[in-house]
file data-v1.pdb (PDB, C-alpha atoms and all ligand atoms)
MODEL        1
ATOM      1  CA  MET A 153     137.685 179.110   4.718
ATOM      2  CA  LYS A 154     136.534 182.484   3.522
ATOM      3  CA  ILE A 155     136.833 185.423   5.940
ATOM      4  CA  LEU A 156     134.047 188.015   5.736
ATOM      5  CA  LYS A 157     134.565 191.336   7.480
ATOM      6  CA  THR A 158     131.509 193.439   6.678
ATOM      7  CA  ARG A 159     127.720 193.106   6.523
ATOM      8  CA  ARG A 160     127.918 193.759   2.799
ATOM      9  CA  GLU A 161     130.446 190.929   2.283
ATOM     10  CA  VAL A 162     128.203 188.544   4.229
ATOM     11  CA  ASN A 163     125.225 189.557   2.128
ATOM     12  CA  ASN A 164     127.013 189.321  -1.198
ATOM     13  CA  THR A 165     128.618 185.982  -0.384
ATOM     14  CA  LEU A 166     125.953 184.129   1.548
ATOM     15  CA  ARG A 167     122.647 185.116  -0.029
ATOM     16  CA  ASN A 168     123.574 183.551  -3.394
ATOM     17  CA  LYS A 169     124.949 180.416  -1.762
ATOM     18  CA  LEU A 170     121.799 179.943   0.266
ATOM     19  CA  LEU A 171     119.355 179.906  -2.603
ATOM     20  CA  ASN A 172     117.549 176.552  -2.975
ATOM     21  CA  ASN A 173     116.937 176.234   0.760
ATOM     22  CA  ALA A 174     120.497 175.331   1.717
ATOM     23  CA  SER A 175     120.909 175.398   5.502
ATOM     24  CA  LEU A 176     123.454 177.530   7.361
ATOM     25  CA  GLY A 177     124.776 176.565  10.807
ATOM     26  CA  PHE A 178     126.175 179.404  12.921
ATOM     27  CA  VAL A 179     128.362 179.506  16.042
ATOM     28  CA  PRO A 180     128.890 182.983  17.523
ATOM     29  CA  THR A 181     132.054 183.322  19.638
ATOM     30  CA  MET A 182     134.385 185.913  21.116
ATOM     31  CA  GLY A 183     137.427 183.952  19.876
ATOM     32  CA  ALA A 184     140.179 182.322  21.970
ATOM     33  CA  LEU A 185     138.690 179.120  20.585
ATOM     34  CA  HIS A 186     138.987 175.924  22.613
ATOM     35  CA  SER A 187     137.710 172.371  22.238
ATOM     36  CA  GLY A 188     134.283 173.398  23.613
ATOM     37  CA  HIS A 189     133.829 175.864  20.719
ATOM     38  CA  LEU A 190     135.195 173.362  18.214
ATOM     39  CA  THR A 191     132.613 170.780  19.310
ATOM     40  CA  LEU A 192     129.829 173.298  18.576
ATOM     41  CA  ILE A 193     131.337 174.260  15.215
ATOM     42  CA  LYS A 194     131.804 170.600  14.185
ATOM     43  CA  ARG A 195     128.136 170.024  14.983
ATOM     44  CA  ALA A 196     127.169 173.074  12.888
ATOM     45  CA  ILE A 197     129.279 171.667  10.035
ATOM     46  CA  ASP A 198     127.732 168.172  10.315
ATOM     47  CA  GLU A 199     124.103 169.313  10.534
ATOM     48  CA  ASN A 200     124.051 172.015   7.818
ATOM     49  CA  ASP A 201     124.970 172.548   4.163
ATOM     50  CA  LEU A 202     127.202 175.487   5.100
ATOM     51  CA  SER A 203     128.812 176.606   8.366
ATOM     52  CA  ILE A 204     129.863 179.986   9.725
ATOM     53  CA  CYS A 205     131.563 181.043  12.943
ATOM     54  CA  SER A 206     131.848 184.643  14.136
ATOM     55  CA  ILE A 207     134.626 186.076  16.266
ATOM     56  CA  PHE A 208     133.847 189.409  17.874
ATOM     57  CA  VAL A 209     134.835 190.550  21.365
ATOM     58  CA  ASN A 210     131.647 192.417  22.143
ATOM     59  CA  PRO A 211     132.306 195.546  24.249
ATOM     60  CA  THR A 212     128.672 196.056  25.340
ATOM     61  CA  GLN A 213     128.529 192.792  27.314
ATOM     62  CA  PHE A 214     131.490 193.649  29.566
ATOM     63  CA  ASN A 215     130.490 195.601  32.650
ATOM     64  CA  ASN A 216     134.165 195.862  33.594
ATOM     65  CA  LYS A 217     136.529 197.701  31.237
ATOM     66  CA  GLN A 218     139.566 195.765  32.478
ATOM     67  CA  ASP A 219     137.897 192.432  31.665
ATOM     68  CA  LEU A 220     137.340 193.655  28.104
ATOM     69  CA  GLU A 221     140.976 194.730  27.773
ATOM     70  CA  LYS A 222     142.270 191.478  29.296
ATOM     71  CA  TYR A 223     140.046 189.256  27.132
ATOM     72  CA  PRO A 224     142.386 186.850  25.232
ATOM     73  CA  ARG A 225     142.739 187.613  21.514
ATOM     74  CA  THR A 226     144.323 184.748  19.548
ATOM     75  CA  ILE A 227     142.983 185.387  16.066
ATOM     76  CA  GLU A 228     145.748 183.669  14.061
ATOM     77  CA  LYS A 229     145.486 180.461  16.078
ATOM     78  CA  ASP A 230     141.671 180.678  15.898
ATOM     79  CA  ILE A 231     141.773 180.878  12.081
ATOM     80  CA  GLU A 232     144.095 177.851  11.939
ATOM     81  CA  LEU A 233     141.731 175.864  14.158
ATOM     82  CA  LEU A 234     138.673 176.788  12.078
ATOM     83  CA  GLU A 235     140.501 175.819   8.889
ATOM     84  CA  SER A 236     141.593 172.505  10.410
ATOM     85  CA  ILE A 237     137.953 171.452  10.918
ATOM     86  CA  ASN A 238     136.781 172.842   7.538
ATOM     87  CA  CYS A 239     134.481 175.605   8.722
ATOM     88  CA  ASP A 240     133.215 177.355   5.544
ATOM     89  CA  TYR A 241     133.110 181.001   6.693
ATOM     90  CA  LEU A 242     134.408 183.224   9.461
ATOM     91  CA  PHE A 243     132.649 186.532  10.133
ATOM     92  CA  LEU A 244     135.281 188.812  11.670
ATOM     93  CA  PRO A 245     133.834 192.328  11.941
ATOM     94  CA  THR A 246     135.356 195.424  13.549
ATOM     95  CA  VAL A 247     133.723 197.316  16.439
ATOM     96  CA  GLU A 248     132.808 200.120  13.967
ATOM     97  CA  GLU A 249     131.076 197.606  11.699
ATOM     98  CA  MET A 250     128.925 196.227  14.510
ATOM     99  CA  TYR A 251     128.362 199.526  16.326
ATOM    100  CA  PRO A 252     128.128 202.295  13.690
ATOM    101  CA  GLN A 253     128.380 205.791  15.185
ATOM    102  CA  GLY A 254     125.106 207.366  16.123
ATOM    103  CA  GLU A 255     123.164 204.096  16.282
ATOM    104  CA  GLU A 256     121.075 203.721  19.438
ATOM    105  CA  ASN A 257     121.043 200.437  21.324
ATOM    106  CA  ILE A 258     117.713 198.711  21.986
ATOM    107  CA  GLN A 259     116.633 198.017  25.577
ATOM    108  CA  PHE A 260     115.400 194.419  25.871
ATOM    109  CA  ASP A 261     112.845 193.035  28.279
ATOM    110  CA  PHE A 262     113.968 189.595  29.391
ATOM    111  CA  GLY A 263     111.739 189.735  32.485
ATOM    112  CA  ASN A 264     112.857 187.791  35.537
ATOM    113  CA  LEU A 265     115.310 185.727  33.490
ATOM    114  CA  GLU A 266     117.701 188.650  33.645
ATOM    115  CA  LYS A 267     117.220 189.453  37.326
ATOM    116  CA  VAL A 268     118.946 186.387  38.802
ATOM    117  CA  MET A 269     122.444 184.870  38.881
ATOM    118  CA  GLU A 270     124.721 186.313  36.138
ATOM    119  CA  GLY A 271     122.151 189.006  35.328
ATOM    120  CA  LYS A 272     122.148 190.178  38.944
ATOM    121  CA  ASP A 273     125.926 189.905  39.453
ATOM    122  CA  ARG A 274     126.870 191.468  36.087
ATOM    123  CA  PRO A 275     124.415 194.340  35.444
ATOM    124  CA  GLY A 276     123.927 195.057  31.735
ATOM    125  CA  HIS A 277     125.703 191.870  30.635
ATOM    126  CA  PHE A 278     122.671 190.210  29.041
ATOM    127  CA  GLN A 279     121.526 193.466  27.435
ATOM    128  CA  GLY A 280     124.927 193.513  25.680
ATOM    129  CA  VAL A 281     124.626 189.835  24.704
ATOM    130  CA  GLY A 282     121.109 190.519  23.353
ATOM    131  CA  ILE A 283     122.278 193.511  21.285
ATOM    132  CA  ILE A 284     125.110 191.639  19.595
ATOM    133  CA  VAL A 285     123.317 188.328  19.063
ATOM    134  CA  LYS A 286     120.316 190.102  17.484
ATOM    135  CA  LYS A 287     122.654 191.980  15.121
ATOM    136  CA  LEU A 288     124.578 188.795  14.251
ATOM    137  CA  PHE A 289     121.385 186.821  13.586
ATOM    138  CA  GLU A 290     120.030 189.637  11.382
ATOM    139  CA  ILE A 291     123.248 189.898   9.377
ATOM    140  CA  ILE A 292     123.918 186.174   9.002
ATOM    141  CA  GLN A 293     120.338 184.848   8.967
ATOM    142  CA  PRO A 294     121.364 181.338   9.976
ATOM    143  CA  SER A 295     119.066 178.316   9.915
ATOM    144  CA  ARG A 296     120.493 176.982  13.183
ATOM    145  CA  ALA A 297     122.615 178.632  15.897
ATOM    146  CA  TYR A 298     124.551 176.557  18.431
ATOM    147  CA  PHE A 299     125.105 177.482  22.089
ATOM    148  CA  GLY A 300     126.632 175.554  25.006
ATOM    149  CA  LYS A 301     124.622 174.716  28.109
ATOM    150  CA  LYS A 302     127.472 175.886  30.334
ATOM    151  CA  ASP A 303     126.123 179.408  29.846
ATOM    152  CA  TYR A 304     122.609 178.143  30.494
ATOM    153  CA  GLN A 305     121.175 181.538  31.452
ATOM    154  CA  GLN A 306     122.589 183.034  28.229
ATOM    155  CA  LEU A 307     120.959 180.173  26.298
ATOM    156  CA  LEU A 308     117.508 180.991  27.752
ATOM    157  CA  ILE A 309     118.021 184.731  27.148
ATOM    158  CA  ILE A 310     118.871 184.016  23.488
ATOM    159  CA  LYS A 311     115.838 181.738  23.116
ATOM    160  CA  SER A 312     113.669 184.550  24.504
ATOM    161  CA  LEU A 313     115.310 187.119  22.169
ATOM    162  CA  THR A 314     114.793 184.873  19.138
ATOM    163  CA  LYS A 315     111.123 184.386  20.003
ATOM    164  CA  GLN A 316     110.420 188.061  20.802
ATOM    165  CA  TYR A 317     111.980 189.329  17.561
ATOM    166  CA  GLN A 318     111.083 186.305  15.415
ATOM    167  CA  LEU A 319     114.702 185.853  14.392
ATOM    168  CA  SER A 320     115.597 183.156  11.873
ATOM    169  CA  PRO A 321     117.531 180.403  13.628
ATOM    170  CA  GLN A 322     116.484 177.352  15.507
ATOM    171  CA  ILE A 323     118.519 177.517  18.745
ATOM    172  CA  VAL A 324     120.445 174.296  19.333
ATOM    173  CA  ALA A 325     121.517 173.666  22.937
ATOM    174  CA  CYS A 326     124.718 171.627  23.226
ATOM    175  CA  ASP A 327     125.911 169.653  26.264
ATOM    176  CA  ILE A 328     128.706 170.993  28.438
ATOM    177  CA  ILE A 329     132.121 169.791  27.273
ATOM    178  CA  ARG A 330     134.390 168.787  30.156
ATOM    179  CA  GLU A 331     138.073 168.041  30.647
ATOM    180  CA  SER A 332     138.775 164.400  31.591
ATOM    181  CA  ASP A 333     138.801 165.418  35.291
ATOM    182  CA  GLY A 334     135.323 166.981  34.998
ATOM    183  CA  LEU A 335     136.200 170.698  34.813
ATOM    184  CA  ALA A 336     133.854 172.456  32.364
ATOM    185  CA  ILE A 337     135.918 173.749  29.428
ATOM    186  CA  SER A 338     136.195 177.554  29.341
ATOM    187  CA  SER A 339     138.683 180.096  27.985
ATOM    188  CA  ARG A 340     139.015 181.288  31.594
ATOM    189  CA  ASN A 341     140.632 177.971  32.630
ATOM    190  CA  GLN A 342     143.877 179.161  30.980
ATOM    191  CA  ARG A 343     144.111 181.906  33.592
ATOM    192  CA  LEU A 344     144.207 179.460  36.538
ATOM    193  CA  THR A 345     147.537 178.876  38.311
ATOM    194  CA  ILE A 346     148.853 175.280  38.382
ATOM    195  CA  GLU A 347     147.520 174.832  41.934
ATOM    196  CA  GLN A 348     144.118 176.381  41.118
ATOM    197  CA  ARG A 349     143.819 174.155  38.032
ATOM    198  CA  LYS A 350     144.586 171.106  40.201
ATOM    199  CA  GLN A 351     141.814 172.051  42.634
ATOM    200  CA  ALA A 352     139.215 173.221  40.044
ATOM    201  CA  PRO A 353     137.603 169.770  39.383
ATOM    202  CA  ALA A 354     136.208 170.028  42.949
ATOM    203  CA  ILE A 355     133.504 172.296  41.469
ATOM    204  CA  TYR A 356     131.992 169.552  39.300
ATOM    205  CA  LYS A 357     132.500 166.994  42.112
ATOM    206  CA  ALA A 358     130.397 169.223  44.410
ATOM    207  CA  LEU A 359     127.703 169.438  41.696
ATOM    208  CA  GLN A 360     127.708 165.655  41.216
ATOM    209  CA  GLU A 361     127.358 165.160  44.961
ATOM    210  CA  ALA A 362     124.454 167.635  44.994
ATOM    211  CA  GLN A 363     122.828 165.607  42.210
ATOM    212  CA  LYS A 364     123.236 162.397  44.198
ATOM    213  CA  LEU A 365     121.829 163.902  47.397
ATOM    214  CA  SER A 366     119.011 165.846  45.736
ATOM    215  CA  THR A 367     116.500 163.051  46.273
ATOM    216  CA  THR A 368     117.154 162.802  49.993
ATOM    217  CA  MET A 369     117.901 166.317  51.275
ATOM    218  CA  GLU A 370     115.985 169.558  51.737
ATOM    219  CA  ILE A 371     117.026 172.280  49.266
ATOM    220  CA  GLU A 372     118.332 174.660  51.942
ATOM    221  CA  ASP A 373     120.486 171.929  53.541
ATOM    222  CA  LEU A 374     121.884 170.903  50.180
ATOM    223  CA  LYS A 375     122.795 174.509  49.350
ATOM    224  CA  ASN A 376     124.591 174.836  52.696
ATOM    225  CA  LEU A 377     126.448 171.585  52.128
ATOM    226  CA  VAL A 378     127.751 172.714  48.713
ATOM    227  CA  ALA A 379     128.710 176.135  50.117
ATOM    228  CA  THR A 380     130.675 174.506  52.964
ATOM    229  CA  LYS A 381     132.433 172.118  50.563
ATOM    230  CA  ILE A 382     133.539 174.893  48.206
ATOM    231  CA  ASN A 383     134.474 177.441  50.866
ATOM    232  CA  SER A 384     136.539 174.870  52.802
ATOM    233  CA  ASN A 385     138.865 174.657  49.792
ATOM    234  CA  PRO A 386     141.488 177.404  50.369
ATOM    235  CA  THR A 387     141.737 178.189  46.630
ATOM    236  CA  MET A 388     137.984 178.825  46.224
ATOM    237  CA  THR A 389     135.271 181.278  47.242
ATOM    238  CA  LEU A 390     131.670 180.503  46.406
ATOM    239  CA  GLY A 391     129.949 183.217  44.345
ATOM    240  CA  TYR A 392     126.597 181.433  44.513
ATOM    241  CA  PHE A 393     125.037 177.996  44.417
ATOM    242  CA  GLN A 394     121.407 178.321  43.430
ATOM    243  CA  ILE A 395     118.775 175.659  42.807
ATOM    244  CA  SER A 396     116.247 176.921  40.275
ATOM    245  CA  ASN A 397     113.379 175.951  38.040
ATOM    246  CA  LYS A 398     115.142 175.129  34.768
ATOM    247  CA  GLU A 399     112.455 176.818  32.636
ATOM    248  CA  ASN A 400     112.475 180.283  34.247
ATOM    249  CA  LEU A 401     115.604 180.188  36.464
ATOM    250  CA  GLN A 402     113.716 181.377  39.543
ATOM    251  CA  PRO A 403     115.086 179.888  42.796
ATOM    252  CA  ILE A 404     112.916 177.189  44.380
ATOM    253  CA  ASN A 405     112.465 176.163  48.021
ATOM    254  CA  HIS A 406     110.789 172.805  47.368
ATOM    255  CA  TRP A 407     111.744 170.106  44.908
ATOM    256  CA  LEU A 408     109.882 169.958  41.602
ATOM    257  CA  SER A 409     109.673 166.666  39.709
ATOM    258  CA  LYS A 410     112.965 164.991  38.701
ATOM    259  CA  GLY A 411     114.914 166.860  36.004
ATOM    260  CA  GLN A 412     112.811 170.030  36.356
ATOM    261  CA  GLN A 413     115.390 171.912  38.410
ATOM    262  CA  MET A 414     119.052 172.656  38.019
ATOM    263  CA  GLY A 415     121.909 173.604  40.316
ATOM    264  CA  PHE A 416     123.898 176.657  39.157
ATOM    265  CA  ILE A 417     127.281 177.479  40.638
ATOM    266  CA  VAL A 418     129.827 180.285  40.437
ATOM    267  CA  VAL A 419     133.199 179.841  42.081
ATOM    268  CA  ASN A 420     135.899 182.497  42.265
ATOM    269  CA  MET A 421     139.480 181.225  42.123
ATOM    270  CA  GLY A 422     141.660 184.307  42.574
ATOM    271  CA  ASP A 423     140.253 186.727  40.003
ATOM    272  CA  VAL A 424     138.951 183.931  37.747
ATOM    273  CA  ARG A 425     135.189 183.420  37.853
ATOM    274  CA  LEU A 426     134.162 179.874  36.895
ATOM    275  CA  ILE A 427     130.583 178.836  36.225
ATOM    276  CA  ASP A 428     128.996 175.417  35.906
ATOM    277  CA  ASN A 429     125.620 173.718  36.306
ATOM    278  CA  ILE A 430     123.931 170.337  36.615
ATOM    279  CA  GLU A 431     120.401 168.917  36.262
ATOM    280  CA  LEU A 432     118.881 167.794  39.533
TER     281      LEU A 432
HETATM  282  O1  LIG A 501     129.070 183.163  24.725
HETATM  283  C1  LIG A 501     129.757 184.013  24.108
HETATM  284  O2  LIG A 501     130.905 183.758  23.719
HETATM  285  C2  LIG A 501     129.178 185.386  23.860
HETATM  286  O3  LIG A 501     128.373 185.795  24.920
HETATM  287  C3  LIG A 501     128.437 185.512  22.529
HETATM  288  C4  LIG A 501     127.203 184.612  22.493
HETATM  289  C5  LIG A 501     129.364 185.142  21.390
HETATM  290  C6  LIG A 501     127.962 186.955  22.313
HETATM  291  O4  LIG A 501     129.029 187.845  22.277
ENDMDL
END
call {"tool": "encode", "arguments": {"input": "data-v1.pdb", "output": "structure tokens"}}
result
Amino acid sequence: MKILKTRREVNNTLRNKLLNNASLGFVPTMGALHSGHLTLIKRAIDENDLSICSIFVNPTQFNNKQDLEKYPRTIEKDIELLESINCDYLFLPTVEEMYPQGEENIQFDFGNLEKVMEGKDRPGHFQGVGIIVKKLFEIIQPSRAYFGKKDYQQLLIIKSLTKQYQLSPQIVACDIIRESDGLAISSRNQRLTIEQRKQAPAIYKALQEAQKLSTTMEIEDLKNLVATKINSNPTMTLGYFQISNKENLQPINHWLSKGQQMGFIVVNMGDVRLIDNIEL
């Protein structure tokens, strides 16, 4: 695997390789790679002539300085993992490379998509995601970019960004990867205590129950039921459980047709914030 650290290196290396319409599959990450990331990267490898992953802990998407400082950095292990699955390129830029001094950041308009759930709870987060993903797409110019549905709101924000700025890649949405007990895979899972980790599958169980009951219960009652289930577990506090139109993420009060809405959940376990979702 070749490691590219600057825009110029990406340009010099990739533009020649991509003559003759070769396709390039891209997976942007902030490192601390786990099996969820590796599933996306393997798909990028399988579906394209060349594959590239980026690792960049993006300061502008953290609204809390401590979270940025605490973010796990495991670059040597990450490189080993990428090499083990034969990823072709790693883009590993510095903060100075991505945010040159004096450059002004764009303000994006993501409309109501940004005003709910993670956008509401983490002000500025999706602006930061938009800034970095736009830069990465412009530097790398991939044919396809792969994102997990666990961060479903991020996926819709990136689709909107790509459309608004006519950026190159087709956005490929990939299913949530789960541990065998149902917990959605996330780098945050490593921060759970043994007891919290034991209890954490209750989040997906609550979502599955909501899915089962969605045909027979009113939305408000179902939301209350999930809230009671989560909050009765002493290791958990519900951040939110929202049932929303899956196209625009606006909360709904009445059921739409089957598969048109999703349940979105955030659960705090100590200082670890876990998110998950399910189609209803
Ligand atoms: O999902 C992530 O890891 C990040 O938000 C992303 C898309 C790599 C942008 O920094």
call {"tool": "residues_around", "arguments": {"input": "data-v1.pdb", "residues": "segment 158-174 of chain A", "least_positions_apart": "5", "cutoff": "12 Å", "atoms": "only C-alpha atoms", "output": "VMD selection string"}}
result
chain A and resid 199 to 206 240 to 252 287 to 296
call {"tool": "write_last_selection", "arguments": {"input": "data-v1.pdb", "atoms": "C-alpha atoms", "output": "PDB file, in the frame of the given file"}}
result
ATOM      1  CA  GLU A 199     124.103 169.313  10.534  1.00  0.00           C
ATOM      2  CA  ASN A 200     124.051 172.015   7.818  1.00  0.00           C
ATOM      3  CA  ASP A 201     124.970 172.548   4.163  1.00  0.00           C
ATOM      4  CA  LEU A 202     127.202 175.487   5.100  1.00  0.00           C
ATOM      5  CA  SER A 203     128.812 176.606   8.366  1.00  0.00           C
ATOM      6  CA  ILE A 204     129.863 179.986   9.725  1.00  0.00           C
ATOM      7  CA  CYS A 205     131.563 181.043  12.943  1.00  0.00           C
ATOM      8  CA  SER A 206     131.848 184.643  14.136  1.00  0.00           C
ATOM      9  CA  ASP A 240     133.215 177.355   5.544  1.00  0.00           C
ATOM     10  CA  TYR A 241     133.110 181.001   6.693  1.00  0.00           C
ATOM     11  CA  LEU A 242     134.408 183.224   9.461  1.00  0.00           C
ATOM     12  CA  PHE A 243     132.649 186.532  10.133  1.00  0.00           C
ATOM     13  CA  LEU A 244     135.281 188.812  11.670  1.00  0.00           C
ATOM     14  CA  PRO A 245     133.834 192.328  11.941  1.00  0.00           C
ATOM     15  CA  THR A 246     135.356 195.424  13.549  1.00  0.00           C
ATOM     16  CA  VAL A 247     133.723 197.316  16.439  1.00  0.00           C
ATOM     17  CA  GLU A 248     132.808 200.120  13.967  1.00  0.00           C
ATOM     18  CA  GLU A 249     131.076 197.606  11.699  1.00  0.00           C
ATOM     19  CA  MET A 250     128.925 196.227  14.510  1.00  0.00           C
ATOM     20  CA  TYR A 251     128.362 199.526  16.326  1.00  0.00           C
ATOM     21  CA  PRO A 252     128.128 202.295  13.690  1.00  0.00           C
ATOM     22  CA  LYS A 287     122.654 191.980  15.121  1.00  0.00           C
ATOM     23  CA  LEU A 288     124.578 188.795  14.251  1.00  0.00           C
ATOM     24  CA  PHE A 289     121.385 186.821  13.586  1.00  0.00           C
ATOM     25  CA  GLU A 290     120.030 189.637  11.382  1.00  0.00           C
ATOM     26  CA  ILE A 291     123.248 189.898   9.377  1.00  0.00           C
ATOM     27  CA  ILE A 292     123.918 186.174   9.002  1.00  0.00           C
ATOM     28  CA  GLN A 293     120.338 184.848   8.967  1.00  0.00           C
ATOM     29  CA  PRO A 294     121.364 181.338   9.976  1.00  0.00           C
ATOM     30  CA  SER A 295     119.066 178.316   9.915  1.00  0.00           C
ATOM     31  CA  ARG A 296     120.493 176.982  13.183  1.00  0.00           C
TER      32      ARG A 296
END
call {"tool": "resolve_selection", "arguments": {"input": "data-v1.pdb", "expression": "the PyMOL selection byres (((chain A and resi 312-317) around 10) and not hetatm)", "output": "list in words"}}
result
Phe260, Asp261, Phe262, Gly263, Leu265, Gly282, Ile283, Val285, Lys286, Phe289, Gln306, Leu307, Leu308, Ile309, Ile310, Lys311, Gln318, Leu319, Ser320, Pro321, Gln322 and Ile323 of chain A
call {"tool": "residues_near_ligand", "arguments": {"input": "data-v1.pdb", "ligand": "ligand LIG 501 (chain A)", "cutoff": "9 Å", "atoms": "all atoms listed in the file", "output": "list in words"}}
result
Val179, Pro180, Thr181, Met182, Gly183, His189, Ser206, Ile207, Phe208, Val209, Asn210, Pro211, Thr212, Gln213, His277, Phe278, Gly280, Val281, Gly282, Ile283, Ile284, Val285, Leu288, Phe299, Gly300, Asp303, Gln306, Leu307 and Ile310 of chain A
call {"tool": "resolve_selection", "arguments": {"input": "data-v1.pdb", "expression": "the PyMOL selection byres (((chain A and resi 402) around 10) and not hetatm)", "output": "list of chain:residue names"}}
result
A:Asn264, A:Leu265, A:Lys267, A:Val268, A:Met269, A:Gln394, A:Ile395, A:Ser396, A:Asn397, A:Lys398, A:Glu399, A:Asn400, A:Leu401, A:Pro403, A:Ile404, A:Gln413
call {"tool": "atom_distance", "arguments": {"input": "data-v1.pdb", "atom1": "atom CA of Leu377 of chain A", "atom2": "atom CA of Phe393 of chain A"}}
result
10.1 Å
call {"tool": "resolve_selection", "arguments": {"input": "data-v1.pdb", "expression": "the PyMOL selection byres (((chain A and resi 388-392) around 12) and not hetatm)", "output": "PyMOL selection string"}}
result
chain A and resi 268-270+272-273+344+347-355+358+375-387+393-395+403+415-429
call {"tool": "residues_around", "arguments": {"input": "data-v1.pdb", "residues": "Leu185 of chain A", "least_positions_apart": "5", "cutoff": "8 Å", "atoms": "only C-alpha atoms", "output": "list in words"}}
result
Leu190, Asp230, Leu233 and Ser339 of chain A
call {"tool": "closest_residue", "arguments": {"input": "data-v1.pdb", "among": "A:Ser338, A:Ser366, A:Ile430, A:Ile193", "to": "His406 of chain A", "atoms": "all atoms listed in the file"}}
result
A:Ser366
call {"tool": "atom_distance", "arguments": {"input": "data-v1.pdb", "atom1": "atom CA of Tyr298 of chain A", "atom2": "atom CA of Arg343 of chain A"}}
result
25.3 Å
call {"tool": "closest_residue", "arguments": {"input": "data-v1.pdb", "among": "A:Ile371, A:His186, A:Leu176, A:Gln259", "to": "Leu234 of chain A", "atoms": "only C-alpha atoms"}}
result
A:His186
call {"tool": "build_atoms", "arguments": {"input": "data-v1.pdb", "residues": "segment 154-165 of chain A", "atoms": "N, CA, C and O atoms", "output": "mmCIF file, in the frame of the given file"}}
result
data_model
loop_
_atom_site.group_PDB
_atom_site.id
_atom_site.type_symbol
_atom_site.label_atom_id
_atom_site.label_comp_id
_atom_site.auth_asym_id
_atom_site.auth_seq_id
_atom_site.Cartn_x
_atom_site.Cartn_y
_atom_site.Cartn_z
ATOM 1 N N LYS A 154 136.577 181.099 3.987
ATOM 2 C CA LYS A 154 136.534 182.484 3.522
ATOM 3 C C LYS A 154 136.258 183.405 4.726
ATOM 4 O O LYS A 154 135.362 183.114 5.535
ATOM 5 N N ILE A 155 137.030 184.488 4.824
ATOM 6 C CA ILE A 155 136.833 185.423 5.940
ATOM 7 C C ILE A 155 136.031 186.623 5.444
ATOM 8 O O ILE A 155 136.399 187.264 4.452
ATOM 9 N N LEU A 156 134.924 186.900 6.112
ATOM 10 C CA LEU A 156 134.047 188.015 5.736
ATOM 11 C C LEU A 156 134.122 189.062 6.843
ATOM 12 O O LEU A 156 134.006 188.717 8.022
ATOM 13 N N LYS A 157 134.341 190.335 6.435
ATOM 14 C CA LYS A 157 134.565 191.336 7.480
ATOM 15 C C LYS A 157 133.437 192.346 7.615
ATOM 16 O O LYS A 157 133.387 193.089 8.589
ATOM 17 N N THR A 158 132.566 192.421 6.619
ATOM 18 C CA THR A 158 131.509 193.439 6.678
ATOM 19 C C THR A 158 130.141 192.800 6.423
ATOM 20 O O THR A 158 130.047 191.694 5.883
ATOM 21 N N ARG A 159 129.089 193.576 6.792
ATOM 22 C CA ARG A 159 127.720 193.106 6.523
ATOM 23 C C ARG A 159 127.546 192.874 5.031
ATOM 24 O O ARG A 159 126.938 191.907 4.592
ATOM 25 N N ARG A 160 128.088 193.841 4.255
ATOM 26 C CA ARG A 160 127.918 193.759 2.799
ATOM 27 C C ARG A 160 128.554 192.480 2.245
ATOM 28 O O ARG A 160 127.968 191.783 1.431
ATOM 29 N N GLU A 161 129.778 192.162 2.749
ATOM 30 C CA GLU A 161 130.446 190.929 2.283
ATOM 31 C C GLU A 161 129.625 189.695 2.628
ATOM 32 O O GLU A 161 129.523 188.755 1.833
ATOM 33 N N VAL A 162 129.030 189.698 3.834
ATOM 34 C CA VAL A 162 128.203 188.544 4.229
ATOM 35 C C VAL A 162 127.034 188.423 3.264
ATOM 36 O O VAL A 162 126.752 187.343 2.735
ATOM 37 N N ASN A 163 126.380 189.546 3.031
ATOM 38 C CA ASN A 163 125.225 189.557 2.128
ATOM 39 C C ASN A 163 125.574 189.059 0.738
ATOM 40 O O ASN A 163 124.922 188.164 0.207
ATOM 41 N N ASN A 164 126.637 189.674 0.172
ATOM 42 C CA ASN A 164 127.013 189.321 -1.198
ATOM 43 C C ASN A 164 127.417 187.863 -1.310
ATOM 44 O O ASN A 164 127.109 187.198 -2.293
ATOM 45 N N THR A 165 128.095 187.347 -0.291
ATOM 46 C CA THR A 165 128.618 185.982 -0.384
ATOM 47 C C THR A 165 127.558 184.942 -0.050
ATOM 48 O O THR A 165 127.427 183.939 -0.750
#
